[in-house]
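A.B. asks: Okay, handing you the structure first.
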Amino acid sequence: MAWIFILPGLAGILVFYIIPFADVVRRSFMKAMGNGFAGLSNYRQAAGSTAFQMAAGNTARFVFTCIPLLLLLSLGIAVLLQGEGRYKHLLKSAYLVPLAIPAASVVLLWNIVFDSSGMLNGIMSFLHLKTRDWMNTGPAFGVLVFSYIWKNLGYDVVLWTAGLGGIPGSIYEAAKVDGAGAFKSFIYITIPNIRQVAVTIIILSFLNSFKVFREAYLVAGNYPQEQIYLLQHVFNNWFAELSVDKMAAGSVMLCAVLVVFVIFLQRSWET
């Protein structure tokens with residue numbers, strides 16, 4: 001009976017995920033035109049592409065900048081919300097608002113705030129400060145980081161709150177009786193008890209970091225400022241050029257990196 005209920009979900013995963021990905025792996029070893037075997041030449045072309053190298057560097061920089069900031073901020077807010085506070089319920093509603101805002105609305109907000117004639121430049125001009133073209137110069141990377149953290153902060157706070165809620169209060173009470181303060185309780189009780197939750201949150205945050213491409217694409221198009229030119233831009237442009245061979249090879253390499261990262265993360269937290 002259990003297999004009867006599981007089978008539709010497994011069939012959907014097989015048809016819409018596993019089989020298409022297997023075809024991508026096959027295409028990564030084939031020529032773009034015809035069915036000729038190309039060996040590893042597609043991988044060499046993809047890895048040797050200047051655009052791919054720049055996009056991979058920008059994506060890695062974005063991930064390793066955003067995820068630590070997001071994890072620390074969301075955990076700090078979740079810990080604060082665990083305590084008693086007068087405006088606790090108001091704060092919970094506030095950090096969940098960005099989750100309900102569609103990508104198109106986020107783009108509109110970007111244009112209102114960060115456009116060369118937008119609100120931020122208006123404030124800086126009023127204060128007699130130098131204005132900037134935020135989305136077409138160096139600060140574009142900072143804008144992208146801010147957007148990702150703002151959009152995903154509430155999601156991670158919810159996950160951290162669920163993990164913190166699973167820790168028995170009696171442990172904290174016993175530690176308090178033994179003379180442990182808030183800091184020691186956090187280090188020796190909270191952190192060890194949320195390790196498994198942390199793995200899940202890091203993986204989800206890592207995967208969600210690739211979704212920021214939607215906003216960057218809608219604001220700046222196929223070729224944005226070079227510091228926010230991400231891997232998704234490369235794949236999108238290769239798709240438009242019908243460079244299926246390089247696109248498939250790049251996708252397989254990206255998938256391999258993701259799998260290695262997830263396995264390494266799980267193994268490191270298990271030890």
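A note on labels: chains of the structure tokens are A, B, ... as shown, every chain counts residues from 1, and ligands are counted from 1 in their shown order.
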For stretch 127-195 of chain A versus stretch 209-225 of chain A, which residues have an atom no more than 9 Å away, and what is each residue's nearest atom pair and distance in Å rounded to one decimal, using only C-alpha atoms, chain-then-number order, as CSV?
C.D. replies:
residue,atom,partner,partner_atom,distance
A:Met135,CA,A:Gln225,CA,7.0
A:Asn136,CA,A:Gln225,CA,5.2
A:Thr137,CA,A:Gln225,CA,6.5
A:Gly138,CA,A:Gln225,CA,7.9
A:Ala140,CA,A:Gln225,CA,7.1
A:Phe141,CA,A:Gln225,CA,8.6
A:Leu144,CA,A:Ala216,CA,7.4
A:Ser147,CA,A:Val212,CA,8.0
A:Tyr148,CA,A:Val212,CA,6.3
A:Asn152,CA,A:Ser209,CA,8.9
A.B. asks: Pick out the residues sitting within 10 Å of stretch 253-259 of chain A, and hand them over as a ChimeraX atom specification; count only C-alpha atoms, and ignore anything fewer than 4 positions along from it in its own chain.
C.D. replies: /A:21,25,28,43,46-47,56,203,206-207,231,247-249,263-265
A.B. asks: I need the residues from that last selection saved to file as a compact mmCIF listing (two decimals), in the first residue's frame (with all heavy atoms), if you can.
C.D. replies:
# COMPACT_ATOMS: atom_id res chain seq x y z
N PHE A 21 17.89 14.99 -16.78
CA PHE A 21 19.28 15.22 -16.38
C PHE A 21 20.20 14.18 -17.01
O PHE A 21 21.33 14.49 -17.41
CB PHE A 21 19.43 15.19 -14.86
CG PHE A 21 20.83 15.45 -14.40
CD1 PHE A 21 21.37 16.73 -14.49
CD2 PHE A 21 21.62 14.43 -13.91
CE1 PHE A 21 22.67 16.98 -14.09
CE2 PHE A 21 22.92 14.67 -13.51
CZ PHE A 21 23.45 15.95 -13.60
N VAL A 25 23.52 14.87 -19.33
CA VAL A 25 24.84 14.23 -19.19
C VAL A 25 25.26 13.63 -20.53
O VAL A 25 26.41 13.74 -20.96
CB VAL A 25 24.81 13.17 -18.09
CG1 VAL A 25 26.13 12.41 -18.05
CG2 VAL A 25 24.51 13.80 -16.73
N SER A 28 26.36 16.29 -22.94
CA SER A 28 27.63 16.93 -22.61
C SER A 28 28.82 16.25 -23.27
O SER A 28 29.90 16.84 -23.34
CB SER A 28 27.82 16.96 -21.09
OG SER A 28 28.03 15.65 -20.58
N TYR A 43 33.67 19.97 -22.32
CA TYR A 43 34.07 20.41 -20.98
C TYR A 43 35.26 21.37 -21.06
O TYR A 43 35.31 22.35 -20.31
CB TYR A 43 34.42 19.20 -20.11
CG TYR A 43 33.22 18.37 -19.72
CD1 TYR A 43 32.78 17.33 -20.54
CD2 TYR A 43 32.53 18.63 -18.55
CE1 TYR A 43 31.67 16.56 -20.17
CE2 TYR A 43 31.42 17.88 -18.18
CZ TYR A 43 31.00 16.84 -19.00
OH TYR A 43 29.90 16.11 -18.65
N ALA A 46 33.88 24.73 -22.33
CA ALA A 46 33.09 25.42 -21.30
C ALA A 46 34.00 25.98 -20.21
O ALA A 46 33.89 27.16 -19.83
CB ALA A 46 32.06 24.48 -20.71
N ALA A 47 34.92 25.15 -19.70
CA ALA A 47 35.80 25.59 -18.63
C ALA A 47 36.79 26.65 -19.11
O ALA A 47 37.21 27.51 -18.33
CB ALA A 47 36.57 24.40 -18.06
N ALA A 56 31.72 32.02 -12.95
CA ALA A 56 31.98 31.09 -11.85
C ALA A 56 32.63 31.82 -10.67
O ALA A 56 32.27 31.58 -9.51
CB ALA A 56 32.87 29.95 -12.33
N ILE A 203 22.32 24.16 3.27
CA ILE A 203 22.07 23.61 1.93
C ILE A 203 20.96 24.38 1.23
O ILE A 203 21.09 24.75 0.05
CB ILE A 203 21.72 22.12 2.03
CG1 ILE A 203 22.93 21.31 2.51
CG2 ILE A 203 21.24 21.58 0.67
CD1 ILE A 203 22.65 19.86 2.79
N PHE A 206 22.18 27.77 0.22
CA PHE A 206 23.09 27.63 -0.91
C PHE A 206 22.31 27.48 -2.22
O PHE A 206 22.62 28.13 -3.22
CB PHE A 206 23.99 26.41 -0.68
CG PHE A 206 25.00 26.18 -1.76
CD1 PHE A 206 26.02 27.09 -2.00
CD2 PHE A 206 24.93 25.05 -2.56
CE1 PHE A 206 26.96 26.87 -2.99
CE2 PHE A 206 25.86 24.82 -3.56
CZ PHE A 206 26.88 25.74 -3.77
N LEU A 207 21.28 26.65 -2.19
CA LEU A 207 20.48 26.46 -3.40
C LEU A 207 19.66 27.71 -3.72
O LEU A 207 19.51 28.08 -4.89
CB LEU A 207 19.54 25.26 -3.21
CG LEU A 207 20.24 23.90 -3.03
CD1 LEU A 207 19.21 22.81 -2.77
CD2 LEU A 207 21.09 23.55 -4.23
N LEU A 231 26.62 32.53 -13.20
CA LEU A 231 26.58 31.33 -14.03
C LEU A 231 25.27 31.19 -14.78
O LEU A 231 25.24 30.71 -15.91
CB LEU A 231 26.81 30.08 -13.15
CG LEU A 231 28.26 29.81 -12.75
CD1 LEU A 231 28.32 28.67 -11.75
CD2 LEU A 231 29.11 29.49 -13.97
N MET A 247 26.58 24.26 -22.84
CA MET A 247 25.60 24.43 -21.77
C MET A 247 25.44 23.14 -20.97
O MET A 247 25.38 23.15 -19.73
CB MET A 247 24.25 24.85 -22.35
CG MET A 247 23.19 25.16 -21.30
SD MET A 247 21.69 25.82 -22.05
CE MET A 247 21.18 24.43 -23.05
N ALA A 248 25.38 21.99 -21.66
CA ALA A 248 25.25 20.71 -20.98
C ALA A 248 26.50 20.40 -20.15
O ALA A 248 26.39 19.96 -18.99
CB ALA A 248 25.01 19.60 -22.00
N ALA A 249 27.67 20.65 -20.71
CA ALA A 249 28.91 20.40 -19.98
C ALA A 249 29.02 21.29 -18.75
O ALA A 249 29.39 20.83 -17.66
CB ALA A 249 30.11 20.62 -20.90
N ILE A 263 27.83 16.78 0.12
CA ILE A 263 28.43 15.61 0.79
C ILE A 263 29.48 16.04 1.80
O ILE A 263 29.53 15.55 2.94
CB ILE A 263 29.04 14.66 -0.25
CG1 ILE A 263 27.95 14.04 -1.12
CG2 ILE A 263 29.85 13.56 0.43
CD1 ILE A 263 28.46 13.19 -2.25
N PHE A 264 30.33 16.99 1.41
CA PHE A 264 31.35 17.50 2.33
C PHE A 264 30.72 18.14 3.56
O PHE A 264 31.18 17.94 4.69
CB PHE A 264 32.24 18.51 1.60
CG PHE A 264 33.19 19.25 2.50
CD1 PHE A 264 34.35 18.64 2.95
CD2 PHE A 264 32.92 20.56 2.90
CE1 PHE A 264 35.23 19.31 3.79
CE2 PHE A 264 33.79 21.23 3.74
CZ PHE A 264 34.94 20.61 4.19
N LEU A 265 29.66 18.89 3.36
CA LEU A 265 28.99 19.56 4.48
C LEU A 265 28.39 18.54 5.44
O LEU A 265 28.54 18.66 6.66
CB LEU A 265 27.90 20.49 3.94
CG LEU A 265 27.19 21.39 4.94
CD1 LEU A 265 28.19 22.35 5.58
CD2 LEU A 265 26.07 22.15 4.28
A.B. asks: Can you pull out every residue from stretch 87-237 of chain A that DSSP, working from the backbone, puts in alpha helix (DSSP H), and format the result as a ChimeraX atom specification?
C.D. replies: /A:88-96,103-114,119-126,140-165,169-177,182-185,191-193,195-208,213-220,231-237
A.B. asks: I want to know what sits within 8 Å of A:Leu73, based on only C-alpha atoms, with residues of the same chain fewer than 4 positions away left out; could you give that as a list in words?
C.D. replies: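 Counting only the stated atoms, we get Leu69, Ile77 and Leu153 of chain A.
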A.B. asks: Neighbours of A:Phe37 within 12 Å (only C-alpha atoms; same-chain residues fewer than 5 positions away dropped), as a PDB file with N, CA and C atoms, in the first residue's frame?
C.D. replies:
ATOM      1  N   ARG A  26      24.327  12.979 -21.221  1.00  0.00           N
ATOM      2  CA  ARG A  26      24.638  12.393 -22.521  1.00  0.00           C
ATOM      3  C   ARG A  26      25.043  13.469 -23.524  1.00  0.00           C
ATOM      4  N   ARG A  27      24.289  14.579 -23.541  1.00  0.00           N
ATOM      5  CA  ARG A  27      24.571  15.652 -24.493  1.00  0.00           C
ATOM      6  C   ARG A  27      25.914  16.334 -24.205  1.00  0.00           C
ATOM      7  N   SER A  28      26.358  16.290 -22.943  1.00  0.00           N
ATOM      8  CA  SER A  28      27.633  16.933 -22.608  1.00  0.00           C
ATOM      9  C   SER A  28      28.817  16.253 -23.266  1.00  0.00           C
ATOM     10  N   PHE A  29      28.633  15.006 -23.748  1.00  0.00           N
ATOM     11  CA  PHE A  29      29.699  14.282 -24.433  1.00  0.00           C
ATOM     12  C   PHE A  29      29.462  14.202 -25.945  1.00  0.00           C
ATOM     13  N   MET A  30      28.422  14.907 -26.434  1.00  0.00           N
ATOM     14  CA  MET A  30      28.078  14.858 -27.851  1.00  0.00           C
ATOM     15  C   MET A  30      28.308  16.216 -28.496  1.00  0.00           C
ATOM     16  N   LYS A  31      28.430  16.231 -29.801  1.00  0.00           N
ATOM     17  CA  LYS A  31      28.562  17.480 -30.540  1.00  0.00           C
ATOM     18  C   LYS A  31      27.215  18.203 -30.578  1.00  0.00           C
ATOM     19  N   ALA A  32      27.262  19.521 -30.737  1.00  0.00           N
ATOM     20  CA  ALA A  32      26.025  20.301 -30.754  1.00  0.00           C
ATOM     21  C   ALA A  32      25.167  19.950 -31.958  1.00  0.00           C
ATOM     22  N   ASN A  42      33.793  19.340 -25.022  1.00  0.00           N
ATOM     23  CA  ASN A  42      32.770  20.281 -24.544  1.00  0.00           C
ATOM     24  C   ASN A  42      33.140  20.830 -23.167  1.00  0.00           C
ATOM     25  N   ASP A 245      25.965  22.031 -26.415  1.00  0.00           N
ATOM     26  CA  ASP A 245      27.095  21.217 -25.960  1.00  0.00           C
ATOM     27  C   ASP A 245      27.786  21.849 -24.755  1.00  0.00           C
TER      28      ASP A 245
END
